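So this block is coords.tsv, TSV, C-alpha atoms:
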```tsv
chain	number	residue	atom	x	y	z
L	1	ASN	CA	22.59	0.48	2.79
L	2	LEU	CA	19.25	0.56	4.62
L	3	ALA	CA	18.50	-2.71	6.42
L	4	VAL	CA	15.15	-4.47	6.35
L	5	ARG	CA	14.74	-4.57	10.16
L	6	GLY	CA	16.87	-2.41	12.35
L	7	ASN	CA	20.54	-3.08	11.71
L	8	ASP	CA	20.16	-6.65	10.49
L	9	ASP	CA	19.54	-7.94	6.99
L	10	PRO	CA	17.58	-11.18	7.51
L	11	ARG	CA	17.00	-13.81	4.83
L	12	LEU	CA	13.69	-14.95	6.38
L	13	ASP	CA	13.92	-18.31	4.61
L	14	LEU	CA	14.12	-21.80	6.01
L	15	SER	CA	17.73	-22.90	6.12
L	16	ILE	CA	16.83	-26.60	6.29
L	17	VAL	CA	13.92	-27.90	4.22
L	18	SER	CA	13.32	-31.33	2.79
L	19	ASN	CA	11.97	-29.90	-0.47
L	20	PRO	CA	13.55	-26.57	-1.52
L	21	GLU	CA	10.53	-25.84	-3.72
L	22	ARG	CA	8.36	-25.74	-0.58
L	23	GLN	CA	9.86	-22.60	0.94
L	24	PRO	CA	7.07	-20.54	2.50
L	25	TRP	CA	6.42	-17.01	1.33
L	26	ARG	CA	8.45	-14.30	3.02
L	27	VAL	CA	6.23	-11.30	3.65
L	28	VAL	CA	7.64	-7.92	4.64
L	29	ILE	CA	5.31	-5.16	5.86
L	30	ASP	CA	7.09	-2.01	4.72
L	31	SER	CA	4.82	1.06	4.62
L	32	ASP	CA	7.32	3.33	2.91
L	33	ALA	CA	8.96	0.74	0.59
L	34	ALA	CA	12.30	1.30	2.32
L	35	THR	CA	13.51	-2.27	1.72
L	36	PRO	CA	16.50	-2.10	-0.65
L	37	ALA	CA	16.27	-4.27	-3.76
L	38	ASP	CA	19.56	-5.93	-2.79
L	39	ALA	CA	18.39	-6.90	0.74
L	40	ASN	CA	18.76	-10.59	1.63
L	41	VAL	CA	14.98	-10.93	1.78
L	42	CYS	CA	14.88	-10.06	-1.93
L	43	ASN	CA	17.07	-12.98	-2.98
L	44	ASP	CA	15.64	-15.97	-4.85
L	45	ALA	CA	15.82	-18.39	-1.89
L	46	ALA	CA	12.03	-18.18	-1.38
L	47	PRO	CA	9.07	-16.31	-2.85
L	48	THR	CA	8.85	-12.80	-1.41
L	49	LEU	CA	5.99	-10.34	-1.08
L	50	ILE	CA	6.59	-6.82	0.17
L	51	VAL	CA	3.46	-5.00	1.33
L	52	VAL	CA	3.75	-1.24	0.84
L	53	ALA	CA	1.49	1.80	1.06
L	54	ASP	CA	-0.24	2.58	-2.20
L	55	ASP	CA	1.33	6.06	-2.19
L	56	SER	CA	4.93	4.88	-1.66
L	57	ASP	CA	7.58	4.67	-4.37
L	58	ALA	CA	8.32	0.95	-4.72
L	59	SER	CA	9.67	1.17	-8.28
L	60	HIS	CA	13.05	-0.21	-7.14
L	61	LEU	CA	11.30	-3.42	-6.00
L	62	GLU	CA	9.22	-4.00	-9.14
L	63	GLY	CA	10.51	-7.04	-11.01
L	64	VAL	CA	12.66	-8.05	-8.02
L	65	VAL	CA	9.89	-9.25	-5.67
L	66	ASP	CA	6.11	-9.36	-5.65
L	67	VAL	CA	4.72	-6.03	-4.37
L	68	LEU	CA	1.30	-5.61	-2.78
L	69	ARG	CA	0.00	-2.06	-2.46
L	70	VAL	CA	-2.55	-1.28	0.26
L	71	LYS	CA	-4.01	1.84	1.85
L	72	ARG	CA	-2.36	3.48	4.81
L	73	ALA	CA	-4.07	3.24	8.19
L	74	ASP	CA	-3.84	5.57	11.19
L	75	ARG	CA	-0.69	3.64	12.12
L	76	GLY	CA	1.08	1.78	9.35
L	77	LEU	CA	-0.93	-0.06	6.72
L	78	ASP	CA	-4.49	-1.37	6.38
L	79	LEU	CA	-3.86	-4.85	7.80
L	80	ASP	CA	-7.23	-6.21	6.65
L	81	ALA	CA	-6.35	-5.28	3.05
L	82	ALA	CA	-2.88	-6.80	3.48
L	83	LEU	CA	-4.36	-10.07	4.78
L	84	GLN	CA	-6.86	-10.14	1.91
L	85	GLY	CA	-3.94	-9.73	-0.50
L	86	LEU	CA	-2.15	-12.64	1.16
L	87	TYR	CA	-5.26	-14.80	0.98
L	88	ALA	CA	-5.61	-13.99	-2.73
L	89	ARG	CA	-2.11	-15.46	-3.15
L	90	ASP	CA	-3.25	-18.64	-1.36
L	91	ILE	CA	-1.44	-17.67	1.87
L	92	LYS	CA	-3.84	-18.77	4.57
L	93	ALA	CA	-1.64	-18.78	7.68
L	94	ILE	CA	1.13	-16.45	8.77
L	95	PHE	CA	3.83	-16.51	11.39
L	96	LEU	CA	4.31	-12.91	12.50
L	97	GLU	CA	7.80	-12.04	13.61
L	98	GLY	CA	7.57	-8.30	13.71
L	99	GLY	CA	8.68	-5.52	15.92
L	100	PRO	CA	6.58	-4.04	18.71
L	101	THR	CA	4.59	-1.70	16.42
L	102	LEU	CA	3.49	-4.38	13.95
L	103	ALA	CA	2.79	-6.88	16.75
L	104	GLY	CA	0.82	-4.22	18.62
L	105	SER	CA	-1.25	-3.42	15.53
L	106	PHE	CA	-2.14	-7.08	15.01
L	107	ILE	CA	-3.10	-7.44	18.69
L	108	ALA	CA	-5.13	-4.19	18.72
L	109	GLN	CA	-7.14	-5.31	15.69
L	110	GLY	CA	-7.82	-8.79	17.07
L	111	LEU	CA	-5.86	-10.48	14.26
L	112	VAL	CA	-3.85	-12.87	16.46
L	113	ASP	CA	-5.13	-16.37	17.17
L	114	ARG	CA	-2.01	-17.78	18.84
L	115	VAL	CA	1.00	-16.38	20.65
L	116	VAL	CA	4.30	-18.24	20.82
L	117	ASN	CA	6.69	-16.80	23.37
L	118	TYR	CA	10.18	-17.98	24.22
L	119	VAL	CA	11.45	-17.25	27.70
L	120	ALA	CA	15.20	-17.44	28.20
L	121	PRO	CA	16.83	-18.08	31.56
L	122	ALA	CA	18.43	-14.65	31.45
L	123	LEU	CA	17.67	-11.16	32.73
L	124	LEU	CA	18.00	-8.20	30.42
L	125	GLY	CA	16.78	-5.32	32.55
L	126	SER	CA	14.79	-2.42	31.17
L	127	GLY	CA	14.34	-2.15	27.47
L	128	LYS	CA	11.88	-1.81	24.65
L	129	SER	CA	8.37	-3.16	25.05
L	130	GLY	CA	7.31	-6.20	23.04
L	131	LEU	CA	4.07	-4.45	22.04
L	132	ASP	CA	3.48	-0.87	20.96
L	133	GLY	CA	0.05	0.49	20.18
L	134	ALA	CA	-1.80	-2.67	21.18
L	135	GLY	CA	-4.33	-0.66	23.18
L	136	ILE	CA	-3.16	-2.15	26.48
L	137	HIS	CA	-2.41	0.66	28.92
L	138	SER	CA	-3.52	-0.72	32.27
L	139	MET	CA	-4.09	-3.97	34.11
L	140	SER	CA	-7.82	-3.73	33.32
L	141	GLU	CA	-7.05	-3.81	29.57
L	142	ILE	CA	-4.82	-6.89	29.68
L	143	LEU	CA	-5.30	-9.39	26.88
L	144	ARG	CA	-5.72	-12.65	28.74
L	145	LEU	CA	-4.21	-15.75	27.14
L	146	GLU	CA	-5.10	-19.42	27.59
L	147	LEU	CA	-1.97	-21.54	27.90
L	148	VAL	CA	-2.03	-24.32	25.29
L	149	ASP	CA	1.47	-25.80	25.48
L	150	VAL	CA	4.68	-25.47	27.46
L	151	SER	CA	7.88	-27.11	26.24
L	152	ARG	CA	11.63	-26.70	26.27
L	153	SER	CA	13.54	-25.40	23.30
L	154	GLY	CA	17.20	-25.83	24.16
L	155	PRO	CA	17.82	-23.76	27.30
L	156	ASP	CA	14.61	-21.72	26.71
L	157	VAL	CA	10.98	-22.38	27.58
L	158	ARG	CA	8.44	-22.19	24.74
L	159	LEU	CA	4.94	-21.02	25.70
L	160	VAL	CA	2.03	-21.33	23.28
L	161	ALA	CA	-1.20	-19.56	24.17
L	162	ARG	CA	-4.46	-18.37	22.59
L	163	PRO	CA	-6.19	-15.08	23.30
L	164	VAL	CA	-9.26	-15.46	25.54
L	165	ARG	CA	-12.02	-13.50	23.87
```

What is this structure when it is put down as C-alpha coordinates?
Amino acid sequence: NLAVRGNDDPRLDLSIVSNPERQPWRVVIDSDAATPADANVCNDAAPTLIVVADDSDASHLEGVVDVLRVKRADRGLDLDAALQGLYARDIKAIFLEGGPTLAGSFIAQGLVDRVVNYVAPALLGSGKSGLDGAGIHSMSEILRLELVDVSRSGPDVRLVARPVR
(Lines of atoms letter the chains of each structure in order from A and count residues from 1; the text may use other names and numbers.)
(Lines give C-alpha, C1' and ligand atoms only; values in the text may rest on other atoms or scores of the structure.)
Protein backbone atom coordinates (compact mmCIF):
# COMPACT_ATOMS: atom_id res chain seq x y z
CA ASN A 1 0.00 0.00 0.00
CA LEU A 2 1.54 3.30 -1.11
CA ALA A 3 1.61 5.89 1.67
CA VAL A 4 0.62 9.52 1.24
CA ARG A 5 3.94 10.93 2.53
CA GLY A 6 6.95 8.74 2.80
CA ASN A 7 6.22 5.74 5.00
CA ASP A 8 3.48 7.34 7.07
CA ASP A 9 -0.24 7.51 6.44
CA PRO A 10 -1.33 10.78 8.09
CA ARG A 11 -4.94 11.73 8.81
CA LEU A 12 -4.21 15.48 8.53
CA ASP A 13 -7.31 16.33 10.56
CA LEU A 14 -7.66 18.10 13.87
CA SER A 15 -7.93 15.55 16.65
CA ILE A 16 -9.51 18.02 19.07
CA VAL A 17 -12.05 20.54 17.78
CA SER A 18 -14.92 22.21 19.56
CA ASN A 19 -17.21 21.84 16.54
CA PRO A 20 -16.55 18.71 14.42
CA GLU A 21 -18.29 20.36 11.46
CA ARG A 22 -15.54 23.02 11.42
CA GLN A 23 -12.69 20.73 10.37
CA PRO A 24 -10.47 22.60 7.91
CA TRP A 25 -9.91 21.25 4.43
CA ARG A 26 -7.09 18.75 4.04
CA VAL A 27 -5.24 19.47 0.82
CA VAL A 28 -2.76 17.01 -0.67
CA ILE A 29 -0.51 18.08 -3.54
CA ASP A 30 -0.01 14.84 -5.46
CA SER A 31 1.22 15.37 -9.03
CA ASP A 32 0.84 11.76 -10.11
CA ALA A 33 -2.34 10.91 -8.13
CA ALA A 34 -0.43 8.27 -6.17
CA THR A 35 -2.54 8.68 -3.02
CA PRO A 36 -4.47 5.43 -2.48
CA ALA A 37 -8.23 5.76 -2.10
CA ASP A 38 -8.00 3.97 1.26
CA ALA A 39 -5.36 6.34 2.71
CA ASN A 40 -6.24 7.93 6.06
CA VAL A 41 -6.41 11.35 4.41
CA CYS A 42 -9.31 10.05 2.30
CA ASN A 43 -11.50 9.21 5.29
CA ASP A 44 -14.58 11.27 6.14
CA ALA A 45 -13.05 13.00 9.20
CA ALA A 46 -12.65 16.27 7.25
CA PRO A 47 -13.21 17.56 3.72
CA THR A 48 -10.33 16.55 1.45
CA LEU A 49 -9.02 17.97 -1.81
CA ILE A 50 -6.28 16.21 -3.73
CA VAL A 51 -4.52 18.37 -6.33
CA VAL A 52 -3.23 16.30 -9.24
CA ALA A 53 -1.73 16.92 -12.67
CA ASP A 54 -4.33 17.17 -15.39
CA ASP A 55 -2.67 14.27 -17.23
CA SER A 56 -2.60 11.87 -14.25
CA ASP A 57 -5.01 8.98 -13.72
CA ALA A 58 -6.99 9.93 -10.61
CA SER A 59 -10.00 7.73 -11.40
CA HIS A 60 -9.49 5.78 -8.15
CA LEU A 61 -10.02 9.02 -6.18
CA GLU A 62 -13.16 10.21 -7.99
CA GLY A 63 -16.16 9.97 -5.69
CA VAL A 64 -13.88 9.40 -2.68
CA VAL A 65 -12.45 12.93 -2.32
CA ASP A 66 -12.62 16.20 -4.21
CA VAL A 67 -10.01 16.23 -7.00
CA LEU A 68 -8.54 19.39 -8.52
CA ARG A 69 -6.68 18.98 -11.81
CA VAL A 70 -4.00 21.53 -12.72
CA LYS A 71 -1.22 21.79 -15.28
CA ARG A 72 2.23 20.45 -14.57
CA ALA A 73 5.05 22.91 -14.02
CA ASP A 74 8.80 22.48 -14.56
CA ARG A 75 8.85 20.91 -11.09
CA GLY A 76 5.61 19.50 -9.77
CA LEU A 77 2.36 21.34 -10.40
CA ASP A 78 1.32 24.86 -11.37
CA LEU A 79 1.01 26.27 -7.85
CA ASP A 80 -0.76 29.44 -9.00
CA ALA A 81 -3.50 27.32 -10.59
CA ALA A 82 -3.68 25.16 -7.45
CA LEU A 83 -4.08 28.24 -5.24
CA GLN A 84 -6.75 29.63 -7.56
CA GLY A 85 -8.60 26.32 -7.25
CA LEU A 86 -8.38 26.54 -3.46
CA TYR A 87 -9.65 30.12 -3.49
CA ALA A 88 -12.59 29.05 -5.69
CA ARG A 89 -13.51 26.62 -2.89
CA ASP A 90 -13.41 29.50 -0.38
CA ILE A 91 -10.04 28.38 1.03
CA LYS A 92 -8.23 31.65 1.63
CA ALA A 93 -5.40 30.62 3.95
CA ILE A 94 -3.25 27.50 4.01
CA PHE A 95 -0.85 25.93 6.45
CA LEU A 96 1.81 24.20 4.35
CA GLU A 97 3.32 21.13 5.92
CA GLY A 98 5.11 19.68 2.97
CA GLY A 99 8.39 18.07 2.24
CA PRO A 100 11.46 19.95 1.05
CA THR A 101 10.43 19.97 -2.64
CA LEU A 102 6.97 21.45 -2.08
CA ALA A 103 8.28 23.92 0.52
CA GLY A 104 11.09 24.91 -1.85
CA SER A 105 8.64 25.48 -4.70
CA PHE A 106 6.46 27.75 -2.55
CA ILE A 107 9.53 29.71 -1.41
CA ALA A 108 10.97 29.99 -4.94
CA GLN A 109 7.68 31.39 -6.27
CA GLY A 110 7.29 33.90 -3.44
CA LEU A 111 4.10 32.25 -2.16
CA VAL A 112 5.03 32.20 1.53
CA ASP A 113 4.02 35.05 3.81
CA ARG A 114 4.96 33.47 7.15
CA VAL A 115 7.33 30.76 8.33
CA VAL A 116 6.75 28.83 11.54
CA ASN A 117 9.77 26.83 12.63
CA TYR A 118 10.11 24.62 15.68
CA VAL A 119 13.59 24.14 17.08
CA ALA A 120 14.08 21.17 19.38
CA PRO A 121 16.84 20.97 21.97
CA ALA A 122 18.37 18.03 20.13
CA LEU A 123 21.08 17.45 17.53
CA LEU A 124 20.39 15.22 14.58
CA GLY A 125 23.56 15.54 12.53
CA SER A 126 23.59 15.56 8.75
CA GLY A 127 20.40 14.83 6.92
CA LYS A 128 17.97 16.02 4.33
CA SER A 129 17.57 19.72 3.68
CA GLY A 130 14.36 21.45 4.70
CA LEU A 131 14.14 23.16 1.29
CA ASP A 132 14.80 21.76 -2.15
CA GLY A 133 14.60 23.86 -5.29
CA ALA A 134 13.98 27.13 -3.45
CA GLY A 135 16.58 28.91 -5.57
CA ILE A 136 18.86 29.47 -2.59
CA HIS A 137 22.35 28.23 -3.43
CA SER A 138 24.65 30.69 -1.71
CA MET A 139 24.77 33.13 1.17
CA SER A 140 24.05 35.99 -1.25
CA GLU A 141 20.70 34.36 -2.19
CA ILE A 142 19.47 33.88 1.38
CA LEU A 143 15.82 34.66 2.00
CA ARG A 144 15.97 36.98 4.98
CA LEU A 145 13.19 36.66 7.54
CA GLU A 146 11.87 39.19 10.06
CA LEU A 147 11.29 37.56 13.44
CA VAL A 148 7.70 38.16 14.56
CA ASP A 149 7.33 35.90 17.59
CA VAL A 150 9.35 33.54 19.76
CA SER A 151 7.64 31.24 22.24
CA ARG A 152 8.00 27.86 23.89
CA SER A 153 6.02 24.85 22.78
CA GLY A 154 6.73 22.15 25.34
CA PRO A 155 10.48 21.54 25.25
CA ASP A 156 10.78 23.20 21.80
CA VAL A 157 11.11 26.82 20.72
CA ARG A 158 8.58 28.14 18.19
CA LEU A 159 9.83 30.84 15.83
CA VAL A 160 7.44 32.82 13.64
CA ALA A 161 8.91 35.01 10.92
CA ARG A 162 7.94 36.84 7.72
CA PRO A 163 10.01 37.02 4.56
CA VAL A 164 11.70 40.40 4.09
CA ARG A 165 11.01 41.43 0.52

### Message
Please list as a ChimeraX atom specification every residue within 8 Å of stretch 71-79 of chain L, counting only C-alpha atoms and excluding residues in the same chain fewer than 2 positions away.
### Response
/L:31,52-55,69,81-83,105-106

- Message: Using all atoms listed in the file for the distances, tell me which of L:Asp66, L:Asp132, L:Asp156, L:Asp90 is nearest to L:Ala103.
- Response: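 Of L:Asp66, L:Asp132, L:Asp156, L:Asp90, the one nearest L:Ala103 is L:Asp132, counting all atoms listed in the file.
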
Two-atom distance - atom CA of L:Ile107, atom CA of L:Arg158 (Å):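 Computing it gives 19.7 Å between the two atoms.
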
Which polymer residues have any atom within 10 Å of an atom of L:Val150, counting all atoms listed in the file, with same-chain residues fewer than 4 positions away left out, as a PDB file with C-alpha atoms, keeping the file's coordinate frame?
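Saved the output as out31.pdb:
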```pdb
ATOM      1  CA  VAL L 116       4.300 -18.240  20.820  1.00  0.00           C
ATOM      2  CA  ASN L 117       6.690 -16.800  23.370  1.00  0.00           C
ATOM      3  CA  TYR L 118      10.180 -17.980  24.220  1.00  0.00           C
ATOM      4  CA  VAL L 157      10.980 -22.380  27.580  1.00  0.00           C
ATOM      5  CA  ARG L 158       8.440 -22.190  24.740  1.00  0.00           C
ATOM      6  CA  LEU L 159       4.940 -21.020  25.700  1.00  0.00           C
ATOM      7  CA  VAL L 160       2.030 -21.330  23.280  1.00  0.00           C
ATOM      8  CA  ALA L 161      -1.200 -19.560  24.170  1.00  0.00           C
TER       9      ALA L 161
END
```

* Considering only C-alpha atoms, return as a ChimeraX atom specification whatever protein or nucleic-acid residues lie within 12 Å of L:Asn43, sequence-local ones (same chain, fewer than 2 positions apart) excluded. => /L:9-13,26,36-41,45-49,61,63-66

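Nearest to L:Ala93 of all the residues L:Pro24, L:Gly127, L:Pro163, L:Pro155 is L:Pro24, counting all atoms listed in the file.
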
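The two atoms in question, atom CA of L:Glu97 and atom CA of L:Glu141, are spaced 23.3 Å apart.
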
Atomic separation - atom CA of L:Gly110 relative to atom CA of L:Arg144, Å: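 That distance, rounded to one decimal, is 12.5 Å.
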
Taking all atoms listed in the file into account, name the residue in L:Arg165, L:Asp80, L:Ser153, L:Leu68 that is nearest to L:Asp113.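 Ranking L:Arg165, L:Asp80, L:Ser153, L:Leu68 by distance to L:Asp113, first place goes to L:Arg165.
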
Each side padded by 4 Å, which centre and which edge lengths in Å (one decimal) define the axis-aligned box around the listed atoms of stretch 68-77 of chain L? Give them as AutoDock Vina command-line options.
```
--center_x -1.4 --center_y 0.0 --center_z 4.7 --size_x 13.4 --size_y 19.2 --size_z 22.9
```

Excluding same-chain residues fewer than 5 positions from L:Val67, what lies within 7 Å of it counting all atoms listed in the file, as a JSON list (two decimals) with C-alpha atoms, in the frame of the given file?
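Wrote it out as around_35.json, contents follow:
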```
[["chain", "number", "residue", "atom", "x", "y", "z"],
["L", 49, "LEU", "CA", 5.99, -10.34, -1.08],
["L", 50, "ILE", "CA", 6.59, -6.82, 0.17],
["L", 51, "VAL", "CA", 3.46, -5.00, 1.33],
["L", 62, "GLU", "CA", 9.22, -4.00, -9.14]]
```

Of L:Ile16, L:Ala134, L:Ile142, L:Leu147, the one sitting nearest L:Leu111 when using only C-alpha atoms is L:Ala134

*Residue among L:Ile136, L:Glu21, L:Ser59, L:Ser151 lying closest to L:Gln109, counting all atoms listed in the file*: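 For L:Gln109, the nearest of the candidates is L:Ile136.
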
Generate the coordinates of all heavy atoms for stretch 43-54 of chain L; report them as a PDB file, in the frame of the given file.
```pdb
ATOM      1  N   ASN L  43      16.360 -11.987  -2.172  1.00  0.00           N
ATOM      2  CA  ASN L  43      17.070 -12.980  -2.980  1.00  0.00           C
ATOM      3  C   ASN L  43      16.061 -14.021  -3.496  1.00  0.00           C
ATOM      4  O   ASN L  43      14.875 -13.970  -3.186  1.00  0.00           O
ATOM      5  CB  ASN L  43      18.218 -13.622  -2.205  1.00  0.00           C
ATOM      6  CG  ASN L  43      17.753 -14.462  -1.033  1.00  0.00           C
ATOM      7  OD1 ASN L  43      16.628 -14.940  -0.985  1.00  0.00           O
ATOM      8  ND2 ASN L  43      18.628 -14.644  -0.059  1.00  0.00           N
ATOM      9  N   ASP L  44      16.538 -14.983  -4.255  1.00  0.00           N
ATOM     10  CA  ASP L  44      15.640 -15.970  -4.850  1.00  0.00           C
ATOM     11  C   ASP L  44      15.530 -17.256  -4.031  1.00  0.00           C
ATOM     12  O   ASP L  44      15.082 -18.282  -4.532  1.00  0.00           O
ATOM     13  CB  ASP L  44      16.050 -16.279  -6.281  1.00  0.00           C
ATOM     14  CG  ASP L  44      17.455 -16.853  -6.381  1.00  0.00           C
ATOM     15  OD1 ASP L  44      18.121 -17.010  -5.336  1.00  0.00           O
ATOM     16  OD2 ASP L  44      17.884 -17.146  -7.510  1.00  0.00           O
ATOM     17  N   ALA L  45      15.878 -17.214  -2.747  1.00  0.00           N
ATOM     18  CA  ALA L  45      15.820 -18.390  -1.890  1.00  0.00           C
ATOM     19  C   ALA L  45      14.383 -18.818  -1.579  1.00  0.00           C
ATOM     20  O   ALA L  45      14.141 -19.976  -1.255  1.00  0.00           O
ATOM     21  CB  ALA L  45      16.582 -18.158  -0.591  1.00  0.00           C
ATOM     22  N   ALA L  46      13.440 -17.892  -1.669  1.00  0.00           N
ATOM     23  CA  ALA L  46      12.030 -18.180  -1.380  1.00  0.00           C
ATOM     24  C   ALA L  46      11.189 -17.089  -2.022  1.00  0.00           C
ATOM     25  O   ALA L  46      11.682 -15.973  -2.255  1.00  0.00           O
ATOM     26  CB  ALA L  46      11.795 -18.217   0.131  1.00  0.00           C
ATOM     27  N   PRO L  47       9.922 -17.371  -2.296  1.00  0.00           N
ATOM     28  CA  PRO L  47       9.070 -16.310  -2.850  1.00  0.00           C
ATOM     29  C   PRO L  47       8.899 -15.189  -1.825  1.00  0.00           C
ATOM     30  O   PRO L  47       8.799 -15.454  -0.623  1.00  0.00           O
ATOM     31  CB  PRO L  47       7.751 -17.020  -3.133  1.00  0.00           C
ATOM     32  CG  PRO L  47       7.769 -18.280  -2.347  1.00  0.00           C
ATOM     33  CD  PRO L  47       9.204 -18.635  -2.122  1.00  0.00           C
ATOM     34  N   THR L  48       8.897 -13.958  -2.303  1.00  0.00           N
ATOM     35  CA  THR L  48       8.850 -12.800  -1.410  1.00  0.00           C
ATOM     36  C   THR L  48       7.759 -11.833  -1.847  1.00  0.00           C
ATOM     37  O   THR L  48       7.625 -11.520  -3.023  1.00  0.00           O
ATOM     38  CB  THR L  48      10.199 -12.068  -1.402  1.00  0.00           C
ATOM     39  OG1 THR L  48      11.216 -12.988  -1.003  1.00  0.00           O
ATOM     40  CG2 THR L  48      10.189 -10.894  -0.443  1.00  0.00           C
ATOM     41  N   LEU L  49       7.009 -11.356  -0.867  1.00  0.00           N
ATOM     42  CA  LEU L  49       5.990 -10.340  -1.080  1.00  0.00           C
ATOM     43  C   LEU L  49       6.298  -9.197  -0.132  1.00  0.00           C
ATOM     44  O   LEU L  49       6.457  -9.408   1.077  1.00  0.00           O
ATOM     45  CB  LEU L  49       4.599 -10.908  -0.769  1.00  0.00           C
ATOM     46  CG  LEU L  49       3.438  -9.918  -0.804  1.00  0.00           C
ATOM     47  CD1 LEU L  49       3.206  -9.416  -2.225  1.00  0.00           C
ATOM     48  CD2 LEU L  49       2.177 -10.563  -0.255  1.00  0.00           C
ATOM     49  N   ILE L  50       6.390  -8.003  -0.676  1.00  0.00           N
ATOM     50  CA  ILE L  50       6.590  -6.820   0.170  1.00  0.00           C
ATOM     51  C   ILE L  50       5.317  -5.983   0.075  1.00  0.00           C
ATOM     52  O   ILE L  50       4.888  -5.601  -1.011  1.00  0.00           O
ATOM     53  CB  ILE L  50       7.840  -6.020  -0.244  1.00  0.00           C
ATOM     54  CG1 ILE L  50       9.078  -6.919  -0.091  1.00  0.00           C
ATOM     55  CG2 ILE L  50       7.960  -4.748   0.611  1.00  0.00           C
ATOM     56  CD1 ILE L  50      10.399  -6.248  -0.351  1.00  0.00           C
ATOM     57  N   VAL L  51       4.700  -5.749   1.240  1.00  0.00           N
ATOM     58  CA  VAL L  51       3.460  -5.000   1.330  1.00  0.00           C
ATOM     59  C   VAL L  51       3.824  -3.550   1.626  1.00  0.00           C
ATOM     60  O   VAL L  51       4.486  -3.261   2.626  1.00  0.00           O
ATOM     61  CB  VAL L  51       2.537  -5.568   2.427  1.00  0.00           C
ATOM     62  CG1 VAL L  51       1.201  -4.833   2.444  1.00  0.00           C
ATOM     63  CG2 VAL L  51       2.338  -7.071   2.233  1.00  0.00           C
ATOM     64  N   VAL L  52       3.396  -2.654   0.735  1.00  0.00           N
ATOM     65  CA  VAL L  52       3.750  -1.240   0.840  1.00  0.00           C
ATOM     66  C   VAL L  52       2.483  -0.392   0.765  1.00  0.00           C
ATOM     67  O   VAL L  52       1.438  -0.848   0.295  1.00  0.00           O
ATOM     68  CB  VAL L  52       4.735  -0.817  -0.276  1.00  0.00           C
ATOM     69  CG1 VAL L  52       6.016  -1.642  -0.226  1.00  0.00           C
ATOM     70  CG2 VAL L  52       4.091  -0.915  -1.644  1.00  0.00           C
ATOM     71  N   ALA L  53       2.599   0.853   1.191  1.00  0.00           N
ATOM     72  CA  ALA L  53       1.490   1.800   1.060  1.00  0.00           C
ATOM     73  C   ALA L  53       1.305   2.144  -0.412  1.00  0.00           C
ATOM     74  O   ALA L  53       2.276   2.246  -1.166  1.00  0.00           O
ATOM     75  CB  ALA L  53       1.773   3.060   1.866  1.00  0.00           C
ATOM     76  N   ASP L  54       0.046   2.314  -0.795  1.00  0.00           N
ATOM     77  CA  ASP L  54      -0.240   2.580  -2.200  1.00  0.00           C
ATOM     78  C   ASP L  54       0.334   3.906  -2.699  1.00  0.00           C
ATOM     79  O   ASP L  54       0.483   4.111  -3.901  1.00  0.00           O
ATOM     80  CB  ASP L  54      -1.739   2.499  -2.488  1.00  0.00           C
ATOM     81  CG  ASP L  54      -2.578   3.392  -1.594  1.00  0.00           C
ATOM     82  OD1 ASP L  54      -2.019   4.219  -0.832  1.00  0.00           O
ATOM     83  OD2 ASP L  54      -3.816   3.277  -1.649  1.00  0.00           O
TER      84      ASP L  54
END
```
